[in-house]
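J.: mmCIF, C-alpha atoms and all ligand atoms, file input34.cif:
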```
data_target
#
loop_
_atom_site.label_atom_id
_atom_site.label_comp_id
_atom_site.auth_asym_id
_atom_site.auth_seq_id
_atom_site.Cartn_x
_atom_site.Cartn_y
_atom_site.Cartn_z
CA MET A 1151 122.73 60.50 30.56
CA THR A 1152 122.52 64.11 29.46
CA THR A 1153 125.54 66.37 29.73
CA GLN A 1154 123.71 68.36 32.36
CA GLU A 1155 123.08 65.26 34.49
CA ARG A 1156 126.68 64.05 34.15
CA SER A 1157 128.32 67.34 35.03
CA SER A 1158 126.16 68.14 38.04
CA THR A 1159 127.99 68.53 41.33
CA THR A 1160 125.00 69.82 43.28
CA SER A 1161 123.41 68.27 46.35
CA VAL A 1162 120.95 65.41 46.12
CA MET A 1163 118.03 67.66 47.05
CA GLN A 1164 119.01 70.10 44.30
CA ARG A 1165 119.34 67.23 41.83
CA LEU A 1166 115.77 66.20 42.58
CA ARG A 1167 114.54 69.57 41.31
CA LEU A 1168 113.13 69.86 37.78
CA ASP A 1169 113.49 73.62 37.39
CA GLY A 1170 113.54 74.70 33.75
CA LYS A 1171 112.47 71.27 32.49
CA VAL A 1172 109.54 70.75 30.13
CA ALA A 1173 107.46 67.63 30.77
CA VAL A 1174 104.59 66.09 28.81
CA VAL A 1175 102.41 63.74 30.87
CA THR A 1176 99.82 61.80 28.88
CA GLY A 1177 96.54 61.14 30.65
CA SER A 1178 97.18 63.80 33.28
CA SER A 1179 93.69 65.29 33.44
CA ARG A 1180 93.01 63.12 36.50
CA GLY A 1181 94.22 60.11 38.50
CA ILE A 1182 97.85 59.00 38.61
CA GLY A 1183 98.85 61.23 35.67
CA ALA A 1184 97.43 64.31 37.38
CA ALA A 1185 99.40 63.50 40.55
CA ILE A 1186 102.61 63.03 38.54
CA ALA A 1187 102.02 66.30 36.67
CA LEU A 1188 101.44 68.15 39.94
CA GLY A 1189 104.58 66.60 41.44
CA PHE A 1190 106.63 67.73 38.43
CA ALA A 1191 105.21 71.25 38.68
CA GLU A 1192 106.00 71.36 42.42
CA ALA A 1193 109.58 70.32 41.53
CA GLY A 1194 109.81 73.31 39.16
CA ALA A 1195 108.96 71.85 35.74
CA THR A 1196 106.59 73.29 33.17
CA VAL A 1197 104.03 70.56 32.54
CA VAL A 1198 101.92 69.84 29.48
CA VAL A 1199 98.65 68.36 30.76
CA ASN A 1200 96.91 65.94 28.42
CA GLY A 1201 93.51 64.27 28.20
CA ARG A 1202 91.26 63.35 25.30
CA SER A 1203 89.12 66.49 25.46
CA ASP A 1204 89.88 70.19 25.72
CA ALA A 1205 87.65 70.33 28.79
CA SER A 1206 89.54 67.63 30.70
CA ALA A 1207 93.01 68.89 29.69
CA ASN A 1208 92.05 72.46 30.63
CA ALA A 1209 90.67 71.37 34.01
CA GLY A 1210 93.83 69.39 34.78
CA ALA A 1211 96.10 72.29 33.86
CA GLU A 1212 93.95 74.74 35.82
CA ALA A 1213 94.19 72.57 38.95
CA ILE A 1214 98.00 72.79 38.78
CA ARG A 1215 98.00 76.51 38.04
CA ALA A 1216 95.80 77.02 41.11
CA THR A 1217 98.69 75.72 43.23
CA GLY A 1218 101.15 78.14 41.59
CA GLY A 1219 102.60 75.58 39.15
CA ALA A 1220 103.26 76.07 35.44
CA ALA A 1221 100.89 73.96 33.36
CA PHE A 1222 99.63 74.08 29.78
CA PRO A 1223 96.80 71.94 28.38
CA ILE A 1224 96.99 70.03 25.09
CA ALA A 1225 94.13 67.66 24.27
CA ALA A 1226 95.09 64.63 22.17
CA ASP A 1227 94.02 61.01 21.82
CA VAL A 1228 97.32 59.21 22.32
CA THR A 1229 96.08 55.99 20.72
CA LYS A 1230 96.58 57.74 17.34
CA SER A 1231 100.05 58.47 15.94
CA ALA A 1232 99.00 61.73 14.26
CA GLU A 1233 97.62 62.99 17.58
CA VAL A 1234 100.79 62.04 19.46
CA GLU A 1235 102.88 63.84 16.83
CA ARG A 1236 100.66 66.92 17.17
CA LEU A 1237 100.95 66.77 20.98
CA LEU A 1238 104.76 66.71 20.79
CA ASN A 1239 104.89 69.31 17.99
CA GLU A 1240 102.68 71.73 19.94
CA ALA A 1241 104.69 71.21 23.13
CA THR A 1242 108.00 71.68 21.33
CA GLY A 1243 106.66 74.64 19.36
CA ARG A 1244 105.56 76.38 22.53
CA PHE A 1245 108.41 75.51 24.90
CA GLY A 1246 111.32 74.76 22.54
CA ARG A 1247 111.94 71.19 23.72
CA VAL A 1248 110.50 68.30 25.69
CA ASP A 1249 112.88 67.06 28.38
CA ILE A 1250 110.57 64.53 30.04
CA MET A 1251 107.90 62.35 28.43
CA VAL A 1252 105.58 60.35 30.68
CA ASN A 1253 103.46 57.73 28.91
CA ASN A 1254 100.75 57.26 31.52
CA ALA A 1255 97.40 57.23 29.68
CA GLY A 1256 95.62 53.91 29.82
CA ILE A 1257 92.25 52.25 30.08
CA SER A 1258 90.94 49.40 32.18
CA GLU A 1259 89.58 46.10 30.97
CA PHE A 1260 86.30 44.45 31.79
CA TYR A 1261 86.99 41.51 34.08
CA LYS A 1262 86.45 38.40 31.99
CA ARG A 1263 87.56 34.82 32.02
CA ALA A 1264 90.33 34.44 29.44
CA GLU A 1265 88.23 32.15 27.25
CA ALA A 1266 85.49 34.82 26.99
CA ILE A 1267 87.75 37.62 25.74
CA THR A 1268 86.79 38.60 22.19
CA GLU A 1269 89.02 39.90 19.42
CA ASP A 1270 87.44 43.33 19.88
CA ASP A 1271 88.18 43.24 23.63
CA TRP A 1272 91.78 42.34 22.91
CA ASP A 1273 92.24 45.05 20.26
CA SER A 1274 90.65 47.67 22.48
CA VAL A 1275 92.88 46.93 25.48
CA MET A 1276 96.05 46.80 23.36
CA SER A 1277 95.10 50.00 21.57
CA GLY A 1278 94.27 51.79 24.82
CA ASN A 1279 97.28 50.65 26.85
CA LEU A 1280 100.22 49.31 24.82
CA LYS A 1281 100.05 51.30 21.57
CA PRO A 1282 100.11 54.75 23.26
CA VAL A 1283 103.37 53.84 25.01
CA PHE A 1284 104.97 52.74 21.74
CA LEU A 1285 103.74 55.90 19.99
CA GLY A 1286 104.77 58.19 22.85
CA CYS A 1287 108.24 56.65 23.19
CA SER A 1288 108.79 56.75 19.45
CA ALA A 1289 107.70 60.38 18.99
CA ALA A 1290 109.58 61.62 22.07
CA GLY A 1291 112.65 59.48 21.43
CA ARG A 1292 113.16 60.87 17.93
CA ARG A 1293 113.07 64.43 19.25
CA MET A 1294 115.23 63.65 22.29
CA LYS A 1295 117.85 62.01 20.08
CA GLU A 1296 118.04 65.22 18.05
CA GLN A 1297 118.25 67.45 21.12
CA GLY A 1298 120.95 65.29 22.73
CA GLY A 1299 119.03 63.51 25.48
CA GLY A 1300 115.90 63.26 27.54
CA ILE A 1301 113.94 61.19 29.97
CA ILE A 1302 111.07 58.81 29.28
CA LEU A 1303 108.93 57.35 32.02
CA ASN A 1304 106.30 54.73 31.24
CA VAL A 1305 103.47 53.73 33.55
CA THR A 1306 102.88 50.00 33.62
CA SER A 1307 101.25 48.02 36.48
CA ILE A 1308 101.77 45.13 38.84
CA GLY A 1309 99.73 43.39 36.13
CA GLY A 1310 102.81 43.66 33.91
CA LEU A 1311 104.88 41.85 36.54
CA THR A 1312 102.48 39.36 38.14
CA ALA A 1313 99.35 37.49 37.09
CA LEU A 1314 96.01 39.20 37.71
CA PRO A 1315 93.29 36.66 36.88
CA ARG A 1316 90.54 37.83 34.51
CA LEU A 1317 92.75 40.62 33.22
CA LEU A 1318 94.62 38.70 30.51
CA ALA A 1319 94.73 41.44 27.87
CA TYR A 1320 95.52 44.20 30.39
CA CYS A 1321 98.36 42.15 31.94
CA THR A 1322 99.75 41.36 28.48
CA ALA A 1323 99.66 45.03 27.47
CA LYS A 1324 101.35 46.10 30.71
CA ALA A 1325 104.03 43.38 30.33
CA GLY A 1326 104.62 44.78 26.84
CA ILE A 1327 105.28 48.19 28.40
CA VAL A 1328 107.92 46.60 30.63
CA GLN A 1329 109.71 45.27 27.55
CA ILE A 1330 109.38 48.53 25.59
CA THR A 1331 111.05 50.20 28.57
CA ARG A 1332 113.93 47.73 28.75
CA VAL A 1333 114.64 47.54 25.02
CA LEU A 1334 114.58 51.32 24.56
CA ALA A 1335 116.74 51.89 27.64
CA VAL A 1336 119.42 49.72 26.07
CA GLU A 1337 118.95 51.02 22.53
CA TRP A 1338 118.87 54.71 23.44
CA ALA A 1339 121.39 54.89 26.31
CA GLN A 1340 124.02 56.00 23.76
CA HIS A 1341 121.79 58.98 22.87
CA GLY A 1342 121.52 60.24 26.45
CA ILE A 1343 117.94 59.06 26.82
CA ARG A 1344 116.99 57.30 30.05
CA VAL A 1345 113.89 55.08 29.90
CA ASN A 1346 112.28 53.76 33.09
CA ALA A 1347 108.85 52.60 34.22
CA ILE A 1348 106.69 52.75 37.30
CA ALA A 1349 104.49 49.76 38.16
CA PRO A 1350 101.75 50.87 40.57
CA GLY A 1351 99.73 48.46 42.65
CA TRP A 1352 96.13 49.36 43.39
CA VAL A 1353 95.57 53.11 43.37
CA GLU A 1354 92.43 55.05 44.33
CA THR A 1355 91.45 56.52 40.97
CA ASP A 1356 88.40 56.46 38.71
CA MET A 1357 89.88 53.42 36.96
CA ALA A 1358 90.16 51.22 40.04
CA ARG A 1359 87.39 52.66 42.21
CA GLY A 1360 84.68 50.21 41.15
CA LEU A 1361 86.86 47.23 41.97
CA LEU A 1362 88.31 48.65 45.17
CA GLU A 1363 84.83 49.47 46.48
CA HIS A 1364 83.45 46.02 45.61
CA PRO A 1365 82.60 44.34 48.93
CA VAL A 1366 84.17 41.00 48.00
CA TYR A 1367 86.86 41.68 45.37
CA GLY A 1368 88.00 44.93 46.95
CA ALA A 1369 88.51 43.22 50.30
CA GLN A 1370 90.40 40.34 48.65
CA LEU A 1371 92.79 42.75 46.93
CA MET A 1372 93.52 44.58 50.16
CA GLN A 1373 94.09 41.28 51.96
CA ARG A 1374 96.58 40.28 49.24
CA THR A 1375 98.40 43.64 49.57
CA PRO A 1376 100.90 43.46 52.49
CA MET A 1377 100.16 47.08 53.47
CA ASN A 1378 96.42 46.26 53.45
CA ARG A 1379 95.40 49.36 51.56
CA ALA A 1380 95.38 51.02 48.16
CA ALA A 1381 97.70 53.92 47.31
CA ARG A 1382 96.60 57.49 46.93
CA PRO A 1383 97.67 58.91 43.52
CA GLU A 1384 100.14 61.31 45.17
CA GLU A 1385 102.04 58.30 46.55
CA ILE A 1386 103.06 57.49 42.96
CA ALA A 1387 104.30 61.02 42.20
CA GLY A 1388 107.47 61.00 44.34
CA ALA A 1389 108.99 58.11 42.40
CA ALA A 1390 108.13 59.81 39.12
CA VAL A 1391 109.89 63.01 40.19
CA TYR A 1392 112.93 60.99 41.28
CA LEU A 1393 113.18 58.99 38.04
CA ALA A 1394 112.71 62.15 35.94
CA SER A 1395 115.39 64.03 37.87
CA ALA A 1396 119.18 64.17 37.76
CA ALA A 1397 119.14 62.32 41.11
CA ALA A 1398 118.42 59.21 39.01
CA SER A 1399 121.13 59.98 36.42
CA PHE A 1400 122.49 56.38 36.39
CA VAL A 1401 119.06 54.68 36.48
CA THR A 1402 117.73 53.33 33.20
CA GLY A 1403 115.78 50.27 32.14
CA HIS A 1404 114.37 49.98 35.65
CA ILE A 1405 110.80 49.00 36.57
CA LEU A 1406 109.92 50.47 39.96
CA ALA A 1407 106.98 48.76 41.66
CA ILE A 1408 105.01 51.03 44.00
CA ASP A 1409 102.61 48.49 45.31
CA GLY A 1410 102.45 48.29 49.10
CA GLY A 1411 104.46 45.06 48.87
CA TRP A 1412 102.27 43.21 46.32
CA THR A 1413 105.16 41.96 44.14
CA ALA A 1414 107.26 41.04 47.19
CA GLY A 1415 104.69 38.47 48.32
N1 LIG B 1 94.48 52.90 39.30
C1 LIG B 1 95.21 51.80 39.46
O1 LIG B 1 94.97 51.01 40.40
C2 LIG B 1 96.36 51.52 38.52
C3 LIG B 1 97.26 50.53 38.89
C4 LIG B 1 98.33 50.24 38.07
C5 LIG B 1 98.51 50.93 36.89
N2 LIG B 1 97.61 51.89 36.53
C6 LIG B 1 97.86 52.59 35.26
O2 LIG B 1 98.09 53.94 35.53
C7 LIG B 1 97.67 54.74 34.42
C8 LIG B 1 96.71 55.81 34.91
O3 LIG B 1 95.61 55.16 35.50
P1 LIG B 1 94.54 55.91 36.42
O4 LIG B 1 94.13 54.94 37.45
O5 LIG B 1 95.04 57.24 36.82
O6 LIG B 1 93.34 56.04 35.37
P2 LIG B 1 92.13 57.06 35.30
O7 LIG B 1 91.82 57.62 36.63
O8 LIG B 1 91.07 56.33 34.55
O9 LIG B 1 92.70 58.24 34.38
C9 LIG B 1 93.07 57.93 33.06
C10 LIG B 1 93.71 59.15 32.44
O10 LIG B 1 94.15 58.78 31.11
C11 LIG B 1 93.54 59.64 30.17
N3 LIG B 1 93.34 58.90 28.94
C12 LIG B 1 92.80 57.68 28.76
N4 LIG B 1 92.86 57.32 27.47
C13 LIG B 1 93.47 58.34 26.82
C14 LIG B 1 93.82 58.59 25.48
N5 LIG B 1 93.56 57.69 24.52
N6 LIG B 1 94.43 59.74 25.15
C15 LIG B 1 94.72 60.67 26.11
N7 LIG B 1 94.40 60.50 27.41
C16 LIG B 1 93.78 59.35 27.74
C17 LIG B 1 92.28 60.16 30.83
O11 LIG B 1 91.94 61.40 30.27
P3 LIG B 1 90.46 61.84 29.77
O12 LIG B 1 89.48 60.88 30.34
O13 LIG B 1 90.36 63.24 30.29
O14 LIG B 1 90.55 61.78 28.30
C18 LIG B 1 92.75 60.31 32.27
O15 LIG B 1 93.48 61.50 32.43
C19 LIG B 1 97.05 53.75 33.43
O16 LIG B 1 98.01 53.42 32.45
C20 LIG B 1 96.72 52.56 34.29
O17 LIG B 1 96.66 51.37 33.56
C21 LIG B 1 96.54 52.21 37.32
#
```
Could you rewrite the structure in this file as structure tokens?
Ligand SMILES: NC(=O)c1ccc[n+]([C@@H]2O[C@H](COP(=O)([O-])OP(=O)(O)OC[C@H]3O[C@@H](n4cnc5c(N)ncnc54)[C@H](OP(=O)(O)O)[C@@H]3O)[C@@H](O)[C@H]2O)c1

T.:
Amino acid sequence: MTTQERSSTTSVMQRLRLDGKVAVVTGSSRGIGAAIALGFAEAGATVVVNGRSDASANAGAEAIRATGGAAFPIAADVTKSAEVERLLNEATGRFGRVDIMVNNAGISEFYKRAEAITEDDWDSVMSGNLKPVFLGCSAAGRRMKEQGGGIILNVTSIGGLTALPRLLAYCTAKAGIVQITRVLAVEWAQHGIRVNAIAPGWVETDMARGLLEHPVYGAQLMQRTPMNRAARPEEIAGAAVYLASAAASFVTGHILAIDGGWTAG
């Protein structure tokens, strides 16, 4: 817990605000990351918007600025440690510190029977989903330790908590994110760094659209979801704001499922 979180005597609604905070959200050019970045900006934070290209990062930042929020684009491929270091260095150089790091960027997997998954498939899914969370936590954690605290939020999936057939590598990567979150929460609590994760169910984004719109599989997934629908990206943002805020000052090592009841069933 940071000194600021511990000493706060303000109201809950005030503690939910992120005024003056600097947040980096990986993979925020679109989808869930974009919704989280917008939510942070609405709560008063300055947000670094990230995607792999200048064009996508710029477009994401511009969309937030159009609403009156403070957003700054930095393109970086977060599967590479040098790029993650550059992302954090540029953010820190420009804004002085990074208070909140959201490791959201990820890629989907082709649906395959487990026995058909190749070594290349496996490496690609691990590199695209698990490695960026390790790199992002490591780079942000080192800086947060020096500055006396910070908040890390990782985006995993119901696939990290329950079995999704034909998504073996994806589920394994997302389960790895759950464990990164727990281990770092315990290891870094003494440094004032809170580490939590969000585990979305099915969300209407580019990543899931093909599956959700499939006449058979899409219908099966909605039938299996107690609320019988997918989430809109903005339905993930509220939990991210909460976990990143002083309202969650005693919450660490927690995995919050936002899944329309999927993991309850
Ligand atoms: N949609 C779902 O149903 C669902 C459910 C559970 C969990 N999730 C997880 O939520 C996260 C976001 O998913 P989404 O549905 O919003 O995906 P999406 O719509 O495909 O968006 C992915 C975002 O990540 C960025 N990105 C991908 N690889 C990157 C890299 N190497 N470096 C930097 N940015 C990268 C993309 O940016 P550019 O393309 O601009 O580079 C884009 O902004 C992922 O970790 C995903 O696994 C999604």

J.: What does the list of residues within 7 Å of ligand LIG 1 (chain B) look like if you count all atoms listed in the file, written as number ranges by chain?

T.: A: 1176-1184, 1200-1203, 1206-1207, 1226-1229, 1254-1258, 1278-1279, 1305-1308, 1349-1358

J.: Hey, can you check how far atom CA of A:Pro1282 sits from atom CA of A:Cys1321?

T.: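 Going from atom CA of A:Pro1282 over to atom CA of A:Cys1321 covers 15.4 Å.
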
J.: Quick one: of A:Glu1337, A:Glu1240, A:Asp1249, A:Asp1271, who's nearest to A:Gly1298, counting only C-alpha atoms?

T.: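 Checking each of A:Glu1337, A:Glu1240, A:Asp1249, A:Asp1271 against A:Gly1298, counting only C-alpha atoms, the winner is A:Asp1249.
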
J.: Using only C-alpha atoms, which of A:Gly1410, A:Thr1160, A:Ile1301, A:Pro1223 sits nearest A:Arg1244?

T.: A:Pro1223

J.: What's around A:Thr1375 at 12 Å? Count all atoms listed in the file, leave out sequence neighbours fewer than 3 positions away in its own chain, and write the answer as a list in words.

T.: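 With the cut-off at 12 Å, the set is Ile1308, Gly1351, Trp1352, Val1353, Gly1368, Ala1369, Gln1370, Leu1371, Met1372, Asn1378, Arg1379, Ala1380, Ala1381, Ile1408, Asp1409, Gly1410, Gly1411, Trp1412, Thr1413, Ala1414 and Gly1415 of chain A.
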
J.: What lies within 12 Å of stretch 1162-1167 of chain A using all atoms listed in the file, ignoring chain neighbours under 2 positions off, as a PyMOL selection string?

T.: chain A and resi 1154-1160+1169-1171+1189-1196+1388-1399

J.: Which is closer to A:Leu1406 than all the others in A:Ile1267, A:Arg1215, A:Ile1224, A:Leu1303, using all atoms listed in the file?

T.: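 Closest candidate: A:Leu1303.
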
J.: Hey, can you check how far atom CA of A:Thr1217 sits from atom CA of A:Asn1253?

T.: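 Going from atom CA of A:Thr1217 over to atom CA of A:Asn1253, I get 23.5 Å.
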
J.: What gap, in Å, lies between atom CA of A:Arg1247 and atom CA of A:Arg1293?

T.: 8.2 Å
